[in-house]
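Colleague: Next comes the structure file work.txt, holding compact mmCIF, N, CA and C atoms and all ligand atoms.
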# COMPACT_ATOMS: atom_id res chain seq x y z
N MET A 1 68.96 160.46 131.79
CA MET A 1 68.95 159.49 132.88
C MET A 1 68.81 158.11 132.27
N ARG A 2 69.60 157.23 132.72
CA ARG A 2 69.32 155.85 132.36
C ARG A 2 68.18 155.44 133.27
N LEU A 3 67.08 155.07 132.70
CA LEU A 3 65.95 154.73 133.54
C LEU A 3 66.33 153.52 134.37
N LEU A 4 66.16 153.69 135.64
CA LEU A 4 66.75 152.76 136.59
C LEU A 4 65.79 151.71 137.09
N LEU A 5 66.27 151.00 138.03
CA LEU A 5 65.49 150.05 138.81
C LEU A 5 64.69 149.13 137.89
N LEU A 6 63.40 149.31 137.92
CA LEU A 6 62.53 148.44 137.14
C LEU A 6 62.87 148.53 135.66
N HIS A 7 63.34 149.71 135.22
CA HIS A 7 63.57 149.92 133.81
C HIS A 7 64.71 149.07 133.28
N ASP A 8 65.68 148.77 134.10
CA ASP A 8 66.82 148.00 133.62
C ASP A 8 66.51 146.52 133.51
N ASP A 9 65.38 146.14 134.00
CA ASP A 9 64.97 144.76 133.90
C ASP A 9 64.32 144.57 132.52
N PRO A 10 64.97 143.82 131.60
CA PRO A 10 64.43 143.72 130.24
C PRO A 10 63.04 143.12 130.19
N VAL A 11 62.69 142.34 131.18
CA VAL A 11 61.36 141.74 131.20
C VAL A 11 60.30 142.80 131.44
N ARG A 12 60.63 143.79 132.28
CA ARG A 12 59.65 144.82 132.63
C ARG A 12 59.82 146.09 131.82
N ARG A 13 60.74 146.08 130.86
CA ARG A 13 61.01 147.28 130.07
C ARG A 13 59.79 147.63 129.22
N HIS A 14 59.54 148.91 129.12
CA HIS A 14 58.40 149.37 128.34
C HIS A 14 58.92 150.15 127.14
N GLN A 15 58.24 150.02 126.02
CA GLN A 15 58.71 150.67 124.79
C GLN A 15 58.76 152.18 124.91
N TRP A 16 57.87 152.78 125.69
CA TRP A 16 57.88 154.23 125.78
C TRP A 16 59.20 154.75 126.33
N GLN A 17 59.89 153.94 127.07
CA GLN A 17 61.15 154.38 127.67
C GLN A 17 62.23 154.68 126.61
N ASP A 18 62.07 154.08 125.44
CA ASP A 18 63.05 154.36 124.38
C ASP A 18 62.97 155.80 123.90
N ARG A 19 61.84 156.46 124.13
CA ARG A 19 61.67 157.85 123.68
C ARG A 19 61.83 158.85 124.82
N ALA A 20 62.31 158.41 125.95
CA ALA A 20 62.43 159.27 127.13
C ALA A 20 63.42 160.41 126.89
N ALA A 21 63.01 161.61 127.25
CA ALA A 21 63.88 162.78 127.10
C ALA A 21 65.07 162.73 128.06
N CYS A 22 64.99 161.90 129.08
CA CYS A 22 66.05 161.85 130.09
C CYS A 22 67.15 160.84 129.75
N HIS A 23 67.09 160.27 128.57
CA HIS A 23 68.07 159.26 128.18
C HIS A 23 69.51 159.73 128.39
N ASP A 24 69.77 160.98 128.06
CA ASP A 24 71.16 161.47 128.08
C ASP A 24 71.53 162.18 129.37
N TYR A 25 70.69 162.05 130.37
CA TYR A 25 70.99 162.70 131.65
C TYR A 25 71.38 161.65 132.68
N GLY A 26 72.15 162.07 133.63
CA GLY A 26 72.53 161.16 134.71
C GLY A 26 71.36 160.98 135.67
N SER A 27 71.33 159.85 136.31
CA SER A 27 70.24 159.57 137.24
C SER A 27 70.30 160.48 138.47
N ASP A 28 71.47 161.09 138.71
CA ASP A 28 71.59 161.96 139.88
C ASP A 28 70.75 163.23 139.73
N LEU A 29 70.29 163.52 138.52
CA LEU A 29 69.39 164.66 138.34
C LEU A 29 67.98 164.30 138.81
N PHE A 30 67.62 163.05 138.72
CA PHE A 30 66.25 162.62 138.98
C PHE A 30 66.07 161.96 140.35
N PHE A 31 67.17 161.51 140.94
CA PHE A 31 67.06 160.79 142.20
C PHE A 31 67.87 161.47 143.29
N GLU A 32 67.25 161.57 144.44
CA GLU A 32 67.80 162.29 145.59
C GLU A 32 68.90 161.49 146.27
N PRO A 33 70.07 162.08 146.40
CA PRO A 33 71.11 161.40 147.19
C PRO A 33 70.82 161.55 148.68
N ASP A 34 71.47 160.74 149.47
CA ASP A 34 71.30 160.85 150.92
C ASP A 34 71.73 162.23 151.40
N ASN A 35 71.01 162.74 152.36
CA ASN A 35 71.37 163.98 153.04
C ASN A 35 71.45 165.20 152.12
N GLU A 36 70.65 165.23 151.09
CA GLU A 36 70.64 166.38 150.19
C GLU A 36 69.98 167.56 150.89
N LEU A 37 70.60 168.70 150.81
CA LEU A 37 70.00 169.89 151.41
C LEU A 37 68.73 170.26 150.67
N ARG A 38 67.77 170.79 151.41
CA ARG A 38 66.46 171.11 150.83
C ARG A 38 66.58 172.06 149.64
N VAL A 39 67.41 173.08 149.77
CA VAL A 39 67.53 174.06 148.69
C VAL A 39 68.17 173.42 147.46
N VAL A 40 69.11 172.52 147.68
CA VAL A 40 69.76 171.83 146.55
C VAL A 40 68.76 170.89 145.89
N ARG A 41 67.97 170.21 146.72
CA ARG A 41 66.96 169.29 146.19
C ARG A 41 65.94 170.05 145.33
N ALA A 42 65.51 171.20 145.84
CA ALA A 42 64.53 171.98 145.09
C ALA A 42 65.08 172.37 143.72
N ARG A 43 66.33 172.79 143.69
CA ARG A 43 66.94 173.17 142.41
C ARG A 43 67.07 171.97 141.48
N ARG A 44 67.52 170.86 142.03
CA ARG A 44 67.69 169.64 141.22
C ARG A 44 66.34 169.17 140.67
N GLU A 45 65.32 169.19 141.52
CA GLU A 45 64.01 168.73 141.06
C GLU A 45 63.45 169.65 139.97
N GLN A 46 63.66 170.95 140.11
CA GLN A 46 63.19 171.87 139.08
C GLN A 46 63.88 171.60 137.75
N ALA A 47 65.19 171.32 137.83
CA ALA A 47 65.93 171.01 136.60
C ALA A 47 65.42 169.72 135.98
N ALA A 48 65.15 168.73 136.80
CA ALA A 48 64.62 167.46 136.28
C ALA A 48 63.24 167.67 135.66
N LYS A 49 62.43 168.49 136.31
CA LYS A 49 61.09 168.75 135.79
C LYS A 49 61.14 169.47 134.44
N ARG A 50 62.16 170.30 134.26
CA ARG A 50 62.29 170.97 132.95
C ARG A 50 62.56 169.95 131.85
N VAL A 51 63.34 168.93 132.16
CA VAL A 51 63.57 167.86 131.18
C VAL A 51 62.26 167.13 130.91
N CYS A 52 61.54 166.82 131.98
CA CYS A 52 60.26 166.11 131.84
C CYS A 52 59.25 166.92 131.02
N ALA A 53 59.29 168.24 131.18
CA ALA A 53 58.30 169.09 130.50
C ALA A 53 58.39 168.94 128.99
N ALA A 54 59.57 168.60 128.50
CA ALA A 54 59.74 168.46 127.05
C ALA A 54 59.73 166.99 126.62
N CYS A 55 59.35 166.13 127.51
CA CYS A 55 59.43 164.70 127.23
C CYS A 55 58.16 164.21 126.52
N PRO A 56 58.34 163.49 125.41
CA PRO A 56 57.15 163.02 124.68
C PRO A 56 56.41 161.87 125.36
N VAL A 57 57.02 161.29 126.37
CA VAL A 57 56.36 160.15 127.03
C VAL A 57 56.08 160.46 128.50
N ARG A 58 55.87 161.72 128.76
CA ARG A 58 55.64 162.13 130.15
C ARG A 58 54.41 161.45 130.75
N ALA A 59 53.34 161.40 130.02
CA ALA A 59 52.11 160.80 130.55
C ALA A 59 52.32 159.32 130.87
N GLU A 60 53.00 158.61 129.96
CA GLU A 60 53.25 157.19 130.19
C GLU A 60 54.14 156.99 131.42
N CYS A 61 55.13 157.87 131.54
CA CYS A 61 56.06 157.79 132.66
C CYS A 61 55.33 158.01 133.99
N LEU A 62 54.49 159.01 134.02
CA LEU A 62 53.74 159.29 135.26
C LEU A 62 52.79 158.15 135.58
N ARG A 63 52.13 157.65 134.56
CA ARG A 63 51.20 156.54 134.78
C ARG A 63 51.97 155.34 135.34
N PHE A 64 53.14 155.08 134.78
CA PHE A 64 53.95 153.97 135.28
C PHE A 64 54.34 154.19 136.74
N ALA A 65 54.79 155.40 137.04
CA ALA A 65 55.24 155.69 138.41
C ALA A 65 54.10 155.57 139.41
N GLU A 66 52.90 155.83 138.96
CA GLU A 66 51.76 155.79 139.87
C GLU A 66 51.01 154.46 139.83
N SER A 67 51.50 153.54 139.03
CA SER A 67 50.75 152.29 138.87
C SER A 67 51.10 151.23 139.89
N GLY A 68 52.15 151.46 140.64
CA GLY A 68 52.54 150.44 141.60
C GLY A 68 52.91 151.06 142.93
N PRO A 69 53.79 150.39 143.64
CA PRO A 69 54.23 150.95 144.92
C PRO A 69 54.95 152.28 144.70
N GLU A 70 55.00 153.07 145.71
CA GLU A 70 55.64 154.39 145.62
C GLU A 70 57.07 154.22 145.11
N VAL A 71 57.43 155.01 144.11
CA VAL A 71 58.80 154.97 143.61
C VAL A 71 59.48 156.29 143.92
N PHE A 72 60.77 156.24 144.04
CA PHE A 72 61.56 157.42 144.38
C PHE A 72 61.83 158.26 143.14
N GLY A 73 62.16 159.52 143.37
CA GLY A 73 62.66 160.36 142.31
C GLY A 73 61.59 161.10 141.53
N VAL A 74 62.07 161.82 140.53
CA VAL A 74 61.19 162.58 139.64
C VAL A 74 60.80 161.69 138.48
N TRP A 75 59.52 161.53 138.30
CA TRP A 75 58.96 160.73 137.20
C TRP A 75 57.80 161.51 136.61
N GLY A 76 57.74 161.58 135.32
CA GLY A 76 56.59 162.23 134.68
C GLY A 76 56.41 163.66 135.13
N GLY A 77 57.48 164.32 135.49
CA GLY A 77 57.39 165.72 135.89
C GLY A 77 56.89 165.93 137.30
N THR A 78 56.87 164.87 138.10
CA THR A 78 56.43 165.00 139.49
C THR A 78 57.47 164.44 140.44
N THR A 79 57.52 165.01 141.61
CA THR A 79 58.40 164.48 142.64
C THR A 79 57.68 163.38 143.41
N GLN A 80 58.42 162.68 144.20
CA GLN A 80 57.81 161.63 145.03
C GLN A 80 56.75 162.22 145.95
N ARG A 81 57.02 163.39 146.52
CA ARG A 81 56.06 164.02 147.42
C ARG A 81 54.80 164.43 146.67
N GLU A 82 54.97 164.98 145.49
CA GLU A 82 53.79 165.37 144.70
C GLU A 82 52.94 164.16 144.33
N ARG A 83 53.59 163.06 144.03
CA ARG A 83 52.80 161.86 143.69
C ARG A 83 52.08 161.33 144.91
N ALA A 84 52.71 161.47 146.08
CA ALA A 84 52.04 161.04 147.31
C ALA A 84 50.78 161.86 147.54
N VAL A 85 50.85 163.15 147.28
CA VAL A 85 49.67 164.02 147.43
C VAL A 85 48.59 163.59 146.43
N ARG A 86 49.00 163.35 145.19
CA ARG A 86 48.04 162.91 144.17
C ARG A 86 47.40 161.59 144.58
N ARG A 87 48.19 160.71 145.13
CA ARG A 87 47.68 159.41 145.56
C ARG A 87 46.64 159.56 146.66
N ARG A 88 46.93 160.43 147.63
CA ARG A 88 45.97 160.65 148.72
C ARG A 88 44.67 161.26 148.19
N ARG A 89 44.79 162.19 147.26
CA ARG A 89 43.59 162.81 146.68
C ARG A 89 42.74 161.76 145.96
N ARG A 90 43.42 160.89 145.20
CA ARG A 90 42.66 159.84 144.50
C ARG A 90 41.95 158.93 145.48
N LYS A 91 42.62 158.60 146.57
CA LYS A 91 42.00 157.73 147.58
C LYS A 91 40.78 158.41 148.19
N ARG A 92 40.90 159.71 148.49
CA ARG A 92 39.77 160.43 149.08
C ARG A 92 38.59 160.46 148.10
N ARG A 93 38.92 160.73 146.82
CA ARG A 93 37.84 160.77 145.83
C ARG A 93 37.17 159.41 145.69
N ALA A 94 37.98 158.36 145.70
CA ALA A 94 37.44 157.01 145.55
C ALA A 94 36.60 156.62 146.75
N ALA A 95 36.93 157.18 147.91
CA ALA A 95 36.20 156.83 149.13
C ALA A 95 34.81 157.46 149.15
N ARG A 96 34.64 158.56 148.42
CA ARG A 96 33.33 159.19 148.37
C ARG A 96 32.37 158.34 147.56
N ARG A 97 31.19 158.23 148.04
CA ARG A 97 30.20 157.46 147.29
C ARG A 97 29.62 158.30 146.17
N PRO A 98 29.20 157.64 145.08
CA PRO A 98 28.54 158.39 144.00
C PRO A 98 27.30 159.10 144.53
N GLY A 99 27.10 160.33 144.12
CA GLY A 99 25.93 161.08 144.56
C GLY A 99 26.14 161.78 145.88
N GLU A 100 27.33 161.61 146.46
CA GLU A 100 27.59 162.25 147.75
C GLU A 100 28.58 163.38 147.53
N SER A 101 28.22 164.56 147.95
CA SER A 101 29.11 165.69 147.78
C SER A 101 30.02 165.80 149.00
N ALA A 102 30.96 166.71 148.93
CA ALA A 102 31.88 166.89 150.05
C ALA A 102 31.14 167.38 151.29
N SER A 103 29.97 168.02 151.09
CA SER A 103 29.23 168.54 152.24
C SER A 103 28.21 167.54 152.78
N GLY A 104 28.07 166.39 152.15
CA GLY A 104 27.16 165.39 152.67
C GLY A 104 26.48 164.62 151.56
N PRO A 105 25.69 163.60 151.93
CA PRO A 105 25.04 162.78 150.92
C PRO A 105 23.96 163.55 150.16
N ALA A 106 23.81 163.22 148.89
CA ALA A 106 22.77 163.86 148.08
C ALA A 106 21.41 163.37 148.54
N ARG A 107 20.44 164.24 148.48
CA ARG A 107 19.07 163.87 148.87
C ARG A 107 18.33 163.51 147.59
N LEU A 108 18.02 162.25 147.43
CA LEU A 108 17.42 161.79 146.18
C LEU A 108 15.96 162.16 146.05
N ASN A 109 15.20 162.19 147.14
CA ASN A 109 13.75 162.43 147.06
C ASN A 109 13.35 163.81 147.57
N ALA A 110 14.21 164.75 147.51
CA ALA A 110 13.89 166.07 148.04
C ALA A 110 13.08 166.86 147.06
S1 LIG B 201 58.82 162.22 131.99
FE1 LIG B 201 60.81 162.75 132.85
S2 LIG B 201 61.50 160.96 134.02
FE2 LIG B 201 59.82 160.30 132.69
S3 LIG B 201 60.79 159.49 130.86
FE3 LIG B 201 60.33 161.64 130.46
S4 LIG B 201 62.14 162.82 131.05
FE4 LIG B 201 62.32 160.76 131.95
Would you write out, as structure tokens, the structure that this file holds?
Modeller:
Amino acid sequence: MRLLLLHDDPVRRHQWQDRAACHDYGSDLFFEPDNELRVVRARREQAAKRVCAACPVRAECLRFAESGPEVFGVWGGTTQRERAVRRRRRKRRAARRPGESASGPARLNA
């Protein structure tokens, strides 16, 4: 994949992108076309994830994808929907106060 969008902007280019395993793949493997059937999308995303699984800069790619506004496509071995779930989980965790469990606030003087 030629890393698109932000990646093509030389000012925002990151060095890790030079080592991306998706360099030789078309962007159509990583980005959903309009009106893609669910079963086709699932197959395409799995194929993209297989490329990501062998990518030496997967962590950097995922961090980049999650560092700003929601981005489309498969990045760092995750789909847009998976990153949205991760984002919601992080928000929920951040909303919890320290010392407070999921079942309620910790009792400090008990
Ligand atoms: S993790 Fe996937 S999308 Fe990101 S640079 Fe590597 S191959 Fe490309």
Colleague: List all protein, DNA and RNA residues that have at least one atom no more than 8 Å from any atom of ligand LIG 201 (chain B), counting only N, CA and C atoms and all ligand atoms, and write them as a PyMOL selection string.
Modeller: chain A and resi 1+3+16-23+30+48-62+73-78
Colleague: Now that the selection is made, can you save its residues with N, CA and C atoms as a CSV table (one decimal), in the frame of the given file?
Modeller:
chain,number,residue,atom,x,y,z
A,1,MET,N,69.0,160.5,131.8
A,1,MET,CA,69.0,159.5,132.9
A,1,MET,C,68.8,158.1,132.3
A,3,LEU,N,67.1,155.1,132.7
A,3,LEU,CA,66.0,154.7,133.5
A,3,LEU,C,66.3,153.5,134.4
A,16,TRP,N,57.9,152.8,125.7
A,16,TRP,CA,57.9,154.2,125.8
A,16,TRP,C,59.2,154.8,126.3
A,17,GLN,N,59.9,153.9,127.1
A,17,GLN,CA,61.2,154.4,127.7
A,17,GLN,C,62.2,154.7,126.6
A,18,ASP,N,62.1,154.1,125.4
A,18,ASP,CA,63.0,154.4,124.4
A,18,ASP,C,63.0,155.8,123.9
A,19,ARG,N,61.8,156.5,124.1
A,19,ARG,CA,61.7,157.8,123.7
A,19,ARG,C,61.8,158.8,124.8
A,20,ALA,N,62.3,158.4,126.0
A,20,ALA,CA,62.4,159.3,127.1
A,20,ALA,C,63.4,160.4,126.9
A,21,ALA,N,63.0,161.6,127.2
A,21,ALA,CA,63.9,162.8,127.1
A,21,ALA,C,65.1,162.7,128.1
A,22,CYS,N,65.0,161.9,129.1
A,22,CYS,CA,66.0,161.8,130.1
A,22,CYS,C,67.2,160.8,129.8
A,23,HIS,N,67.1,160.3,128.6
A,23,HIS,CA,68.1,159.3,128.2
A,23,HIS,C,69.5,159.7,128.4
A,30,PHE,N,67.6,163.0,138.7
A,30,PHE,CA,66.2,162.6,139.0
A,30,PHE,C,66.1,162.0,140.4
A,48,ALA,N,65.2,168.7,136.8
A,48,ALA,CA,64.6,167.5,136.3
A,48,ALA,C,63.2,167.7,135.7
A,49,LYS,N,62.4,168.5,136.3
A,49,LYS,CA,61.1,168.8,135.8
A,49,LYS,C,61.1,169.5,134.4
A,50,ARG,N,62.2,170.3,134.3
A,50,ARG,CA,62.3,171.0,133.0
A,50,ARG,C,62.6,170.0,131.8
A,51,VAL,N,63.3,168.9,132.2
A,51,VAL,CA,63.6,167.9,131.2
A,51,VAL,C,62.3,167.1,130.9
A,52,CYS,N,61.5,166.8,132.0
A,52,CYS,CA,60.3,166.1,131.8
A,52,CYS,C,59.2,166.9,131.0
A,53,ALA,N,59.3,168.2,131.2
A,53,ALA,CA,58.3,169.1,130.5
A,53,ALA,C,58.4,168.9,129.0
A,54,ALA,N,59.6,168.6,128.5
A,54,ALA,CA,59.7,168.5,127.0
A,54,ALA,C,59.7,167.0,126.6
A,55,CYS,N,59.4,166.1,127.5
A,55,CYS,CA,59.4,164.7,127.2
A,55,CYS,C,58.2,164.2,126.5
A,56,PRO,N,58.3,163.5,125.4
A,56,PRO,CA,57.2,163.0,124.7
A,56,PRO,C,56.4,161.9,125.4
A,57,VAL,N,57.0,161.3,126.4
A,57,VAL,CA,56.4,160.2,127.0
A,57,VAL,C,56.1,160.5,128.5
A,58,ARG,N,55.9,161.7,128.8
A,58,ARG,CA,55.6,162.1,130.2
A,58,ARG,C,54.4,161.4,130.8
A,59,ALA,N,53.3,161.4,130.0
A,59,ALA,CA,52.1,160.8,130.6
A,59,ALA,C,52.3,159.3,130.9
A,60,GLU,N,53.0,158.6,130.0
A,60,GLU,CA,53.2,157.2,130.2
A,60,GLU,C,54.1,157.0,131.4
A,61,CYS,N,55.1,157.9,131.5
A,61,CYS,CA,56.1,157.8,132.7
A,61,CYS,C,55.3,158.0,134.0
A,62,LEU,N,54.5,159.0,134.0
A,62,LEU,CA,53.7,159.3,135.3
A,62,LEU,C,52.8,158.2,135.6
A,73,GLY,N,62.2,159.5,143.4
A,73,GLY,CA,62.7,160.4,142.3
A,73,GLY,C,61.6,161.1,141.5
A,74,VAL,N,62.1,161.8,140.5
A,74,VAL,CA,61.2,162.6,139.6
A,74,VAL,C,60.8,161.7,138.5
A,75,TRP,N,59.5,161.5,138.3
A,75,TRP,CA,59.0,160.7,137.2
A,75,TRP,C,57.8,161.5,136.6
A,76,GLY,N,57.7,161.6,135.3
A,76,GLY,CA,56.6,162.2,134.7
A,76,GLY,C,56.4,163.7,135.1
A,77,GLY,N,57.5,164.3,135.5
A,77,GLY,CA,57.4,165.7,135.9
A,77,GLY,C,56.9,165.9,137.3
A,78,THR,N,56.9,164.9,138.1
A,78,THR,CA,56.4,165.0,139.5
A,78,THR,C,57.5,164.4,140.4
Colleague: Between CA of Val39 in chain A and CA of Phe64 in chain A, what distance in Å does the model show, to one decimal?
Modeller: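 We find that CA of Val39 in chain A and CA of Phe64 in chain A lie 27.7 Å from each other.
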Colleague: What is the distance between atom N of Phe31 in chain A and atom N of Ala47 in chain A, in Å to one decimal?
Modeller: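 According to the coordinates, atom N of Phe31 in chain A and atom N of Ala47 in chain A are separated by 10.5 Å.
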Colleague: What is the distance, in Å and to one decimal place, between CA of Leu37 in chain A and atom C of Gly68 in chain A?
Modeller: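 Here the two named atoms are 26.8 Å from each other.
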Colleague: Of the candidates A:Ala94, A:Gln46, A:Arg88, A:Phe72, which one gets nearest to Glu32 in chain A if we count only N, CA and C atoms?
Modeller: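 Among A:Ala94, A:Gln46, A:Arg88, A:Phe72, it is A:Phe72 that comes nearest to Glu32 in chain A.
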